[in-house]
Structure formats: C-alpha cells, structure tokens
file work_19.csv (CSV, C-alpha atoms)
chain,number,residue,atom,x,y,z
A,1,MET,CA,0.0,0.0,0.0
A,2,ASP,CA,1.4,3.4,-1.0
A,3,LEU,CA,0.7,6.4,1.1
A,4,SER,CA,1.0,10.0,0.3
A,5,ASP,CA,1.7,13.0,2.5
A,6,GLN,CA,-2.0,13.9,2.3
A,7,ASP,CA,-2.9,10.4,3.5
A,8,ILE,CA,-0.5,10.9,6.5
A,9,TYR,CA,-2.1,14.3,7.2
A,10,ARG,CA,-5.6,12.7,7.2
A,11,ILE,CA,-4.4,10.0,9.6
A,12,ARG,CA,-3.1,12.7,11.9
A,13,ASN,CA,-6.3,14.7,11.6
A,14,SER,CA,-8.4,11.6,12.4
A,15,LEU,CA,-6.3,11.0,15.6
A,16,ASP,CA,-7.0,14.5,16.7
A,17,LEU,CA,-10.7,14.3,16.0
A,18,SER,CA,-10.9,11.0,17.8
A,19,TYR,CA,-9.1,12.4,20.8
A,20,ASN,CA,-11.2,15.6,21.0
A,21,SER,CA,-14.5,13.6,20.6
A,22,LYS,CA,-13.5,11.1,23.4
A,23,ILE,CA,-12.3,13.9,25.8
A,24,LYS,CA,-15.5,16.0,25.1
A,25,ILE,CA,-17.8,13.1,25.9
A,26,LEU,CA,-15.9,11.9,29.0
A,27,ARG,CA,-15.7,15.5,30.3
A,28,SER,CA,-19.5,15.9,29.9
A,29,LEU,CA,-20.1,12.6,31.6
A,30,GLU,CA,-17.9,13.5,34.5
A,31,GLU,CA,-19.5,17.0,34.9
A,32,LEU,CA,-23.1,16.0,34.4
A,33,LYS,CA,-22.9,12.6,36.0
A,34,THR,CA,-24.7,9.6,34.4
A,35,GLU,CA,-28.3,10.8,34.8
A,36,GLY,CA,-27.6,14.4,33.7
A,37,PHE,CA,-25.5,13.2,30.7
A,38,LEU,CA,-28.2,11.0,29.4
A,39,LYS,CA,-30.6,14.0,29.5
A,40,LYS,CA,-28.6,17.1,28.8
A,41,SER,CA,-25.5,16.3,26.8
A,42,ASP,CA,-25.1,17.6,23.2
A,43,GLU,CA,-24.7,14.0,22.0
A,44,ILE,CA,-28.1,13.0,23.4
A,45,GLU,CA,-29.7,16.2,22.0
A,46,ASN,CA,-28.3,15.2,18.6
A,47,PHE,CA,-29.8,11.7,19.0
A,48,LEU,CA,-33.2,13.2,19.7
A,49,ASN,CA,-33.0,15.6,16.7
A,50,ALA,CA,-32.0,12.6,14.5
A,51,CYS,CA,-35.1,10.7,15.6
A,52,TYR,CA,-37.6,13.6,15.4
A,53,GLY,CA,-36.0,15.8,12.7
A,54,SER,CA,-37.2,18.8,14.7
A,55,VAL,CA,-36.9,20.2,18.2
A,56,LYS,CA,-40.5,21.5,18.3
A,57,TYR,CA,-41.7,18.4,20.0
A,58,LYS,CA,-39.5,18.9,23.0
A,59,GLU,CA,-42.3,20.1,25.2
A,60,LYS,CA,-44.1,16.8,24.6
A,61,LEU,CA,-43.2,13.3,25.6
A,62,ASN,CA,-40.1,12.3,23.7
A,63,ILE,CA,-38.1,9.1,23.2
A,64,MET,CA,-35.9,9.8,26.2
A,65,ASP,CA,-38.9,10.0,28.5
A,66,ILE,CA,-40.0,6.6,27.2
A,67,LEU,CA,-36.6,5.1,27.8
A,68,GLU,CA,-36.7,6.4,31.4
A,69,LEU,CA,-40.0,4.6,32.3
A,70,SER,CA,-40.0,1.7,34.7
A,71,ASP,CA,-40.3,-1.8,33.2
A,72,SER,CA,-44.0,-2.1,33.9
A,73,ASP,CA,-44.7,1.4,32.6
A,74,PHE,CA,-42.7,0.7,29.5
A,75,GLN,CA,-44.7,-2.4,28.8
A,76,GLU,CA,-47.9,-0.4,29.3
A,77,PHE,CA,-46.6,2.2,26.8
A,78,ILE,CA,-45.9,-0.5,24.2
A,79,ARG,CA,-49.4,-1.9,24.7
A,80,ILE,CA,-50.9,1.6,24.1
A,81,TYR,CA,-48.7,2.0,21.1
A,82,LYS,CA,-50.0,-1.2,19.5
A,83,SER,CA,-53.7,-0.4,20.4
A,84,LYS,CA,-53.3,2.9,18.6
A,85,GLU,CA,-52.4,1.2,15.4
A,86,LYS,CA,-55.4,-1.1,15.7
A,87,GLU,CA,-57.6,2.0,16.4
A,88,ILE,CA,-56.5,4.0,13.3
A,89,GLY,CA,-56.3,0.9,11.0
A,90,PHE,CA,-52.8,1.4,9.7
A,91,SER,CA,-49.2,1.5,11.1
A,92,ILE,CA,-48.0,4.7,12.7
A,93,LYS,CA,-44.9,4.6,10.5
A,94,ASN,CA,-47.1,4.7,7.4
A,95,GLY,CA,-49.1,7.6,8.9
A,96,GLN,CA,-45.9,9.5,9.5
A,97,VAL,CA,-44.7,8.9,6.0
A,98,TYR,CA,-48.1,10.3,4.7
A,99,ILE,CA,-47.8,13.4,7.0
A,100,LYS,CA,-44.3,14.0,5.7
A,101,GLY,CA,-45.6,14.0,2.1
A,102,LEU,CA,-48.2,16.6,3.1
A,103,LYS,CA,-45.6,18.8,4.7
A,104,ASN,CA,-43.4,18.6,1.6
A,105,LYS,CA,-46.3,19.6,-0.6
A,106,ARG,CA,-47.1,22.5,1.8
A,107,SER,CA,-43.5,23.7,1.7
A,108,HIS,CA,-43.5,23.8,-2.1
A,109,LEU,CA,-46.7,25.8,-2.1
A,110,LEU,CA,-45.3,28.2,0.4
A,111,ILE,CA,-42.3,28.8,-1.8
A,112,PHE,CA,-44.5,29.4,-4.8
A,113,ASN,CA,-46.7,31.9,-2.9
A,114,ILE,CA,-43.6,33.8,-1.7
A,115,LEU,CA,-42.2,34.1,-5.2
A,116,TYR,CA,-45.5,35.0,-6.7
A,117,SER,CA,-46.0,37.7,-4.1
A,118,ALA,CA,-42.6,39.1,-4.9
A,119,LEU,CA,-43.4,39.1,-8.6
A,120,LEU,CA,-46.7,41.0,-7.9
A,121,LEU,CA,-44.9,43.6,-5.9
A,122,PHE,CA,-42.4,44.1,-8.7
A,123,LEU,CA,-45.1,44.5,-11.3
A,124,LEU,CA,-47.3,46.8,-9.2
A,125,PRO,CA,-45.9,50.1,-10.5
A,126,PHE,CA,-46.3,49.0,-14.1
A,127,ILE,CA,-50.0,48.2,-13.5
A,128,PHE,CA,-50.8,51.8,-12.6
A,129,VAL,CA,-49.0,53.0,-15.7
A,130,LEU,CA,-50.5,50.5,-18.1
A,131,TYR,CA,-53.9,50.2,-16.5
A,132,PRO,CA,-56.2,48.3,-18.9
A,133,LYS,CA,-60.0,49.1,-19.4
A,134,ASN,CA,-61.1,45.7,-18.4
A,135,TRP,CA,-59.0,45.8,-15.2
A,136,LEU,CA,-61.2,43.4,-13.2
A,137,ILE,CA,-60.6,40.5,-15.6
A,138,TYR,CA,-56.8,41.0,-15.5
A,139,ASP,CA,-56.8,41.4,-11.7
A,140,SER,CA,-58.7,38.2,-11.4
A,141,ILE,CA,-56.3,36.3,-13.6
A,142,ILE,CA,-53.3,37.6,-11.5
A,143,ILE,CA,-54.8,37.3,-8.0
A,144,ILE,CA,-57.0,34.2,-8.2
A,145,PRO,CA,-54.1,31.6,-8.5
A,146,TRP,CA,-52.4,33.2,-5.5
A,147,LEU,CA,-55.6,33.1,-3.4
A,148,LEU,CA,-56.3,29.5,-4.4
A,149,SER,CA,-52.8,28.5,-3.4
A,150,LEU,CA,-53.1,30.3,-0.1
A,151,VAL,CA,-56.4,28.6,0.7
A,152,TYR,CA,-54.9,25.2,-0.2
A,153,ILE,CA,-52.0,25.8,2.2
A,154,ILE,CA,-54.5,26.5,5.0
A,155,ILE,CA,-56.4,23.4,4.2
A,156,LEU,CA,-53.2,21.3,4.1
A,157,SER,CA,-52.1,22.8,7.5
A,158,MET,CA,-55.5,21.8,9.0
A,159,HIS,CA,-55.3,18.3,7.6
A,160,ILE,CA,-51.7,17.9,8.9
A,161,HIS,CA,-52.8,19.0,12.3
A,162,LYS,CA,-55.7,16.6,12.4
A,163,SER,CA,-53.5,13.7,11.1
A,164,ASN,CA,-50.9,14.4,13.9
A,165,LYS,CA,-53.7,14.4,16.4
A,166,LYS,CA,-54.8,11.1,15.1
A,167,LEU,CA,-51.4,9.6,15.5
A,168,LEU,CA,-50.9,11.1,19.0
A,169,ILE,CA,-50.4,8.6,21.8
A,170,LYS,CA,-51.6,9.8,25.2
A,171,TYR,CA,-49.8,8.5,28.2
A,172,ASN,CA,-50.0,9.8,31.7
A,173,ASN,CA,-51.7,13.0,30.6
A,174,ARG,CA,-48.8,13.7,28.2
A,175,GLU,CA,-48.7,13.4,24.4
A,176,TYR,CA,-46.2,11.4,22.5
A,177,ILE,CA,-45.6,11.9,18.8
A,178,PRO,CA,-43.7,8.9,17.3
A,179,PRO,CA,-40.8,9.9,15.1
A,180,LEU,CA,-40.6,9.0,11.5
A,181,LYS,CA,-37.6,6.9,12.1
A,182,LEU,CA,-35.6,5.7,15.0
A,183,ASP,CA,-31.8,6.0,14.6
A,184,ILE,CA,-30.4,3.6,17.1
A,185,SER,CA,-26.9,3.9,15.6
A,186,LYS,CA,-26.6,7.3,17.3
A,187,MET,CA,-27.0,5.8,20.8
A,188,ASP,CA,-24.6,3.0,19.8
A,189,TRP,CA,-22.1,5.5,18.8
A,190,ILE,CA,-22.3,7.3,22.2
A,191,LYS,CA,-21.7,4.0,24.0
A,192,ASN,CA,-18.7,3.2,21.8
A,193,GLN,CA,-17.3,6.6,22.3
A,194,VAL,CA,-17.4,6.3,26.1
A,195,ASN,CA,-15.9,2.8,26.2
A,196,TYR,CA,-13.4,2.3,23.5
A,197,ASP,CA,-9.7,2.1,24.5
A,198,PHE,CA,-8.2,5.3,23.0
A,199,PRO,CA,-4.5,4.5,23.8
A,200,MET,CA,-4.9,1.1,22.1
A,201,PHE,CA,-6.6,2.7,19.1
A,202,VAL,CA,-3.7,5.2,18.7
A,203,LYS,CA,-1.0,2.5,19.1
A,204,ASN,CA,-2.8,0.4,16.4
A,205,VAL,CA,-2.7,3.4,14.1
A,206,ILE,CA,0.9,4.0,14.8
A,207,ASP,CA,1.8,0.4,14.2
A,208,HIS,CA,-0.1,0.5,10.9
A,209,VAL,CA,1.6,3.6,9.7
A,210,MET,CA,5.1,2.5,10.7
A,211,SER,CA,4.6,-0.9,9.0
A,212,LEU,CA,3.9,0.8,5.6
A,213,PRO,CA,6.8,0.5,3.1
A,214,ASN,CA,8.7,3.6,2.3
A,215,THR,CA,7.9,4.6,-1.3
A,216,VAL,CA,8.8,7.3,-3.7
A,217,LYS,CA,6.5,9.1,-6.0
A,218,CYS,CA,7.5,9.8,-9.6
A,219,SER,CA,7.5,13.5,-10.5
A,220,VAL,CA,6.8,12.6,-14.1
A,221,CYS,CA,3.9,10.2,-14.1
A,222,GLY,CA,2.9,9.8,-10.4
A,223,GLY,CA,3.9,6.2,-10.3
A,224,THR,CA,5.7,4.7,-7.3
A,225,GLY,CA,8.9,2.8,-6.9
A,226,GLN,CA,10.9,1.4,-3.9
A,227,VAL,CA,13.0,3.7,-1.8
A,228,ARG,CA,16.7,3.1,-2.0
A,229,GLU,CA,18.9,3.3,1.1
A,230,PRO,CA,20.2,6.8,1.7
A,231,ARG,CA,23.9,7.6,1.5
A,232,HIS,CA,25.4,8.8,4.8
A,233,HIS,CA,28.3,11.3,4.5
A,234,VAL,CA,30.4,11.7,7.7
A,235,GLU,CA,32.6,14.7,7.8
A,236,TYR,CA,36.0,14.7,9.8
A,237,THR,CA,38.5,17.5,10.5
A,238,ILE,CA,42.0,17.3,11.9
A,239,GLN,CA,42.4,19.4,15.1
A,240,THR,CA,45.7,20.3,16.7
A,241,GLU,CA,45.7,21.4,20.3
A,242,CYS,CA,48.8,23.0,22.0
A,243,VAL,CA,49.0,23.3,25.8
A,244,PRO,CA,51.6,25.7,27.3
A,245,LEU,CA,53.9,24.3,30.0
A,246,LYS,CA,54.8,26.0,33.3
A,247,PRO,CA,58.5,26.1,34.5
A,248,TYR,CA,58.1,23.2,36.9
A,249,ASP,CA,56.8,21.0,34.2
A,250,ILE,CA,60.3,20.7,32.7
A,251,GLY,CA,61.2,17.0,32.3
A,252,TYR,CA,63.3,15.1,29.9
A,253,ASP,CA,61.7,16.8,26.9
A,254,HIS,CA,64.0,19.8,26.5
A,255,ASP,CA,66.5,21.4,24.2
A,256,TYR,CA,70.2,21.2,25.2
A,257,PHE,CA,72.6,23.7,23.8
A,258,TYR,CA,76.1,22.4,23.8
A,259,SER,CA,77.7,25.7,22.9
A,260,THR,CA,76.5,27.4,26.1
A,261,GLY,CA,75.7,24.4,28.3
A,262,THR,CA,72.2,25.7,29.0
A,263,ILE,CA,68.9,23.9,29.0
A,264,ARG,CA,65.8,25.5,27.5
A,265,ALA,CA,62.5,23.9,28.5
A,266,PRO,CA,59.8,23.4,25.8
A,267,ARG,CA,57.1,26.2,25.9
A,268,GLU,CA,54.1,24.0,24.9
A,269,VAL,CA,53.1,20.5,24.1
A,270,CYS,CA,50.9,19.9,21.0
A,271,SER,CA,48.6,17.0,20.1
A,272,THR,CA,46.8,16.1,16.9
A,273,GLU,CA,43.3,14.5,16.8
A,274,ILE,CA,40.9,13.5,14.0
A,275,VAL,CA,37.4,14.8,15.1
A,276,ARG,CA,34.0,13.9,13.6
A,277,THR,CA,32.3,17.3,12.9
A,278,GLY,CA,29.0,16.3,11.2
A,279,GLU,CA,26.9,13.9,9.2
A,280,THR,CA,24.8,14.5,6.1
A,281,ILE,CA,22.3,12.3,4.4
A,282,GLU,CA,22.1,12.2,0.6
A,283,TRP,CA,18.9,10.7,-0.7
A,284,VAL,CA,19.5,8.7,-3.8
A,285,PRO,CA,16.9,9.4,-6.5
A,286,ALA,CA,14.9,6.2,-7.4
A,287,LYS,CA,13.7,5.6,-10.9
A,288,CYS,CA,10.0,5.0,-11.5
A,289,LYS,CA,9.1,1.5,-12.4
A,290,HIS,CA,6.5,2.8,-14.8
A,291,CYS,CA,8.3,5.4,-16.9
A,292,GLY,CA,11.8,5.6,-15.5
A,293,GLY,CA,11.3,9.2,-14.2
A,294,VAL,CA,13.1,10.4,-11.1
A,295,GLY,CA,11.0,10.3,-7.9
A,296,TYR,CA,11.2,12.2,-4.6
A,297,PHE,CA,11.0,11.0,-1.0
A,298,TYR,CA,8.0,11.9,1.2
A,299,ILE,CA,7.1,9.1,3.6
A,300,GLN,CA,9.7,8.4,6.3
A,301,GLY,CA,9.7,11.8,8.0
A,302,THR,CA,5.9,12.1,8.2
A,303,LYS,CA,5.7,8.6,9.6
A,304,GLU,CA,7.9,9.6,12.5
A,305,GLU,CA,5.7,12.7,13.0
A,306,ILE,CA,2.6,10.5,13.3
A,307,LYS,CA,4.4,8.3,15.8
A,308,ALA,CA,5.5,11.3,18.0
A,309,HIS,CA,2.1,13.0,17.8
A,310,GLY,CA,0.3,9.7,18.6
A,311,TYR,CA,2.3,9.2,21.8
A,312,GLU,CA,1.8,12.8,22.7
A,313,LEU,CA,-2.0,12.3,22.5
A,314,ILE,CA,-1.8,9.1,24.7
A,315,ASN,CA,0.1,11.1,27.3
A,316,ASN,CA,-2.4,13.9,27.2
A,317,PHE,CA,-5.3,11.4,27.5
A,318,ASN,CA,-3.7,9.6,30.5
A,319,ASN,CA,-3.2,13.0,32.2
A,320,PHE,CA,-6.9,13.8,31.6
A,321,LEU,CA,-7.9,10.6,33.3
A,322,ASN,CA,-5.7,11.3,36.3
A,323,MET,CA,-7.6,14.6,36.8
A,324,TYR,CA,-10.9,12.8,37.2
A,325,PRO,CA,-10.5,9.8,39.6
A,326,ASN,CA,-14.3,9.2,39.8
A,327,LEU,CA,-14.7,8.9,36.0
A,328,GLU,CA,-14.5,5.1,36.0
A,329,ASP,CA,-17.4,4.8,38.4
A,330,GLU,CA,-19.5,7.1,36.1
A,331,ILE,CA,-18.6,5.0,33.1
A,332,GLN,CA,-19.8,1.9,34.8
A,333,ARG,CA,-23.1,3.5,35.8
A,334,PHE,CA,-23.4,4.8,32.3
A,335,ASN,CA,-22.9,1.3,30.8
A,336,LEU,CA,-25.7,-0.1,33.0
A,337,LYS,CA,-28.1,2.6,31.9
A,338,ILE,CA,-27.2,2.7,28.3
A,339,GLN,CA,-27.7,-1.1,28.0
A,340,ILE,CA,-31.3,-0.7,29.1
A,341,TYR,CA,-31.8,2.1,26.7
A,342,LEU,CA,-30.4,0.1,23.7
A,343,SER,CA,-32.5,-2.9,24.5
A,344,ARG,CA,-35.7,-0.8,24.6
A,345,LEU,CA,-34.8,1.1,21.5
A,346,ARG,CA,-34.3,-2.2,19.6
A,347,LEU,CA,-37.6,-3.5,20.9
A,348,ILE,CA,-39.4,-0.3,19.7
A,349,ASN,CA,-37.5,-0.4,16.4
A,350,ASP,CA,-38.3,-4.1,15.7
A,351,THR,CA,-41.9,-3.7,16.7
A,352,PHE,CA,-42.9,-0.5,14.8
A,353,TYR,CA,-40.1,0.2,12.3
A,354,SER,CA,-39.2,-3.1,10.8

call {"tool": "encode", "arguments": {"input": "work_19.csv", "output": "structure tokens"}}
result
Amino acid sequence: MDLSDQDIYRIRNSLDLSYNSKIKILRSLEELKTEGFLKKSDEIENFLNACYGSVKYKEKLNIMDILELSDSDFQEFIRIYKSKEKEIGFSIKNGQVYIKGLKNKRSHLLIFNILYSALLLFLLPFIFVLYPKNWLIYDSIIIIPWLLSLVYIIILSMHIHKSNKKLLIKYNNREYIPPLKLDISKMDWIKNQVNYDFPMFVKNVIDHVMSLPNTVKCSVCGGTGQVREPRHHVEYTIQTECVPLKPYDIGYDHDYFYSTGTIRAPREVCSTEIVRTGETIEWVPAKCKHCGGVGYFYIQGTKEEIKAHGYELINNFNNFLNMYPNLEDEIQRFNLKIQIYLSRLRLINDTFYS
C-alpha cells in the first residue's frame, strides 16, 4: 500500500478528531454525571434531533422519556402503542410517511406563494402606468391563483394538524408523537465513544503507519517505486591542540645547547586528533518502475511525526484521566443505563419500524 503526504495528514487529523471527541464526551459525563449526561448532553440532543427531525416536540413526551420509564410502565406504553395502530387501522410509521408527504407539498406551495407575491410587488408600479380598461378580468387572472394556493395551504395545514392528532399517543396525561424513524446507531455511537480504548486505538494506528513501506512518487507520471537506502556522508577534521607548560613541568623533553651548556624547556606540548564534525544524508533518487522518471521521497519523516504525535495524545489522555478519579465509576453507571436504553430502542424499532 502506497501512502502520500496527504494520507498521512488525514491520519493525523483523524487521531486529533478521535481524541477531541473522546475527551469531550468523558468530560461531559464527569461533569453532568450519568443521569444528567443522558438527558442534557449535546450527543443525546443530537440523538433526539436525529429521531424527530425537529426540536419543536421537546415540550411533549419524547423518546428519552419513554426510555426512562420503569419496566411495567414501559410495557404499558408498548401496549398503548399497539392499540393505537389497531384503532387507526394502519401502522403509525405509514401515517408519519403520509404526513411527511403533506408537509413537503405545503413547503413547495409556500415557496410558490412567496415568489408569486414578490413578482406581484415588482409589477405593481407598471400596473398603474398601463392600466387596462377591463382591469377586473386582469386582476382576477393575476390574484385568483395566488388566493387558491393560499387557501390550499391553509387546508393542508389543518389536515396535517388533524393527522398528527390522530397519531398522537396519550400516556399519563402527556402526548407522544412517534418519530418518522428511530436512529439507534446514534446511541450505539455514544456507547462506543465512552468505552473504546483510546490509547490502544492510537497504538494500532501508529503500528499500521510505521509498517507501511517507504515509497517514492514519480515526479513525471505519479507512479511509485521502492526507496533506496540513503547515503550517509560523515565529515571529519584534523584538530591540533597545544597546551603551554609551566617552568616546573620541565622534564626530559627539553633542548640542550652544547655551545652554552644551558637547557631551554619546551614552551608548549601539541597533540593532533581527528574529530567527527558532522553527518549529512544524501537521498539517492529512485527511478519510477513505470516510466523511468526520477522520484522524490516523502514518507519516512511524516511517519515519524505521526508516531511522535500519537504518543503525545496518549500522554495527554492519561493526564486527563488522572484529573478525574471518579470517572471510571461514572462510566460503569453509564454502561448499565445505556444497556437498558439500547434494548428498549431495539424493541421499539423491531416492533414498529421493521
């Protein structure tokens, strides 16, 4: 598998997104505690919106209220739900699909009315300038379609209201409007986000990236070839160091002058050493196996960046966990609660949406 710099960037970005999502949910769970998290967090709010498609039913009984019922009350609610379908003679799901069709038709008519009104306002000045003799006929031709459309919108709205009332399920003096669909995957996603092992996930990503072969990309045709070993150039210099001697350091190393019979001690002692001063790497161009063009290297450095960044995220995550010692207890309580939710959601989904 060949990997480009953009692929490496996407992997790094996915690590960051995964980290931020995990931290956000765990922080919400710790701050709100289990019960508050399951009612107030953004993730649960998104789940409700995905089920209902609108927030306007929030003042009524929603799906979270159903999931919070006791076992006996929940069974009673399911019984009422089934009896409602027998009462109206068709499934609630089909009723919701029918109502959605009516709402779409009403939306199209509203758009038509708004555009038609704008056109009438635009033409209004010209009507007074070119006012025809039989103005009543022309006014009728222009206004009647707009009025008929407006009346039809009102009739549709009344019909939608009656249909919604027909589908309403009354329970404990509260009204419940069943959603058009029930997206259980949202709740499953929340459970997985809370429980998956983030450090292990990061390590698996790092292992995957580091196991990829180093490749080169051809600058001519975009093909790939194998990376050749780089040439290492080590630089050396010869350094000479001289150390001055003090008078009492005079030993056998001295100059003897026979003419005068005097001894002159050496002034300094010098030593020569070969020192390694640096190292450079020369990347050997590889020829493309497709067209023979010269490629350029782009993988090894970015792989090391992913590795370093991944372990930095793991360290940050562990530091976060150390800040919240009670978080593990909240996660356990959450798992017990979410298991009940998921089982009830699957029962509702299998009963009324299959």

call {"tool": "atom_distance", "arguments": {"input": "work_19.csv", "atom1": "atom CA of Val202 of chain A", "atom2": "atom CA of Gly310 of chain A"}}
result
6.0 Å

call {"tool": "closest_residue", "arguments": {"input": "work_19.csv", "among": "A:Lys82, A:Lys186, A:Lys40, A:Lys105", "to": "Ile153 of chain A", "atoms": "all atoms listed in the file"}}
result
A:Lys105

call {"tool": "closest_residue", "arguments": {"input": "work_19.csv", "among": "A:Asn326, A:Asn49, A:Tyr19, A:Phe74", "to": "Asp183 of chain A", "atoms": "all atoms listed in the file"}}
result
A:Asn49

call {"tool": "atom_distance", "arguments": {"input": "work_19.csv", "atom1": "atom CA of Val97 of chain A", "atom2": "atom CA of Phe77 of chain A"}}
result
21.9 Å

call {"tool": "closest_residue", "arguments": {"input": "work_19.csv", "among": "A:Ser157, A:Ser163, A:Asn20, A:Ser72", "to": "Arg106 of chain A", "atoms": "all atoms listed in the file"}}
result
A:Ser157

call {"tool": "closest_residue", "arguments": {"input": "work_19.csv", "among": "A:Ile190, A:Ile11, A:Ile25, A:Ala118", "to": "Leu342 of chain A", "atoms": "all atoms listed in the file"}}
result
A:Ile190

call {"tool": "atom_distance", "arguments": {"input": "work_19.csv", "atom1": "atom CA of Asn104 of chain A", "atom2": "atom CA of Leu48 of chain A"}}
result
21.5 Å

call {"tool": "residues_around", "arguments": {"input": "work_19.csv", "residues": "segment 87-94 of chain A", "least_positions_apart": "2", "cutoff": "8 Å", "atoms": "all atoms listed in the file", "output": "JSON, numbers by chain"}}
result
{"A": [83, 84, 85, 96, 97, 98, 166, 167, 178, 180, 181, 352, 353]}

call {"tool": "closest_residue", "arguments": {"input": "work_19.csv", "among": "A:Ile348, A:Ile8, A:Leu110, A:Ile338", "to": "Ile44 of chain A", "atoms": "all atoms listed in the file"}}
result
A:Ile338

call {"tool": "closest_residue", "arguments": {"input": "work_19.csv", "among": "A:Leu69, A:Met64, A:Leu26, A:Leu15", "to": "Phe320 of chain A", "atoms": "all atoms listed in the file"}}
result
A:Leu26

call {"tool": "residues_around", "arguments": {"input": "work_19.csv", "residues": "Phe198 of chain A", "least_positions_apart": "3", "cutoff": "9 Å", "atoms": "all atoms listed in the file", "output": "NGL selection string"}}
result
:A and (18-19 or 22 or 195 or 201-203 or 314 or 317)

call {"tool": "residues_around", "arguments": {"input": "work_19.csv", "residues": "Pro179 of chain A", "least_positions_apart": "6", "cutoff": "9 Å", "atoms": "all atoms listed in the file", "output": "ChimeraX atom specification"}}
result
/A:51-53,62-63,93,96

call {"tool": "residues_near_point", "arguments": {"input": "work_19.csv", "point": "(-26.9, 5.7, 20.1)", "cutoff": "12 Å", "atoms": "only C-alpha atoms", "output": "NGL selection string"}}
result
:A and (38 or 43-48 or 50-51 or 64 or 182-194 or 338-346)
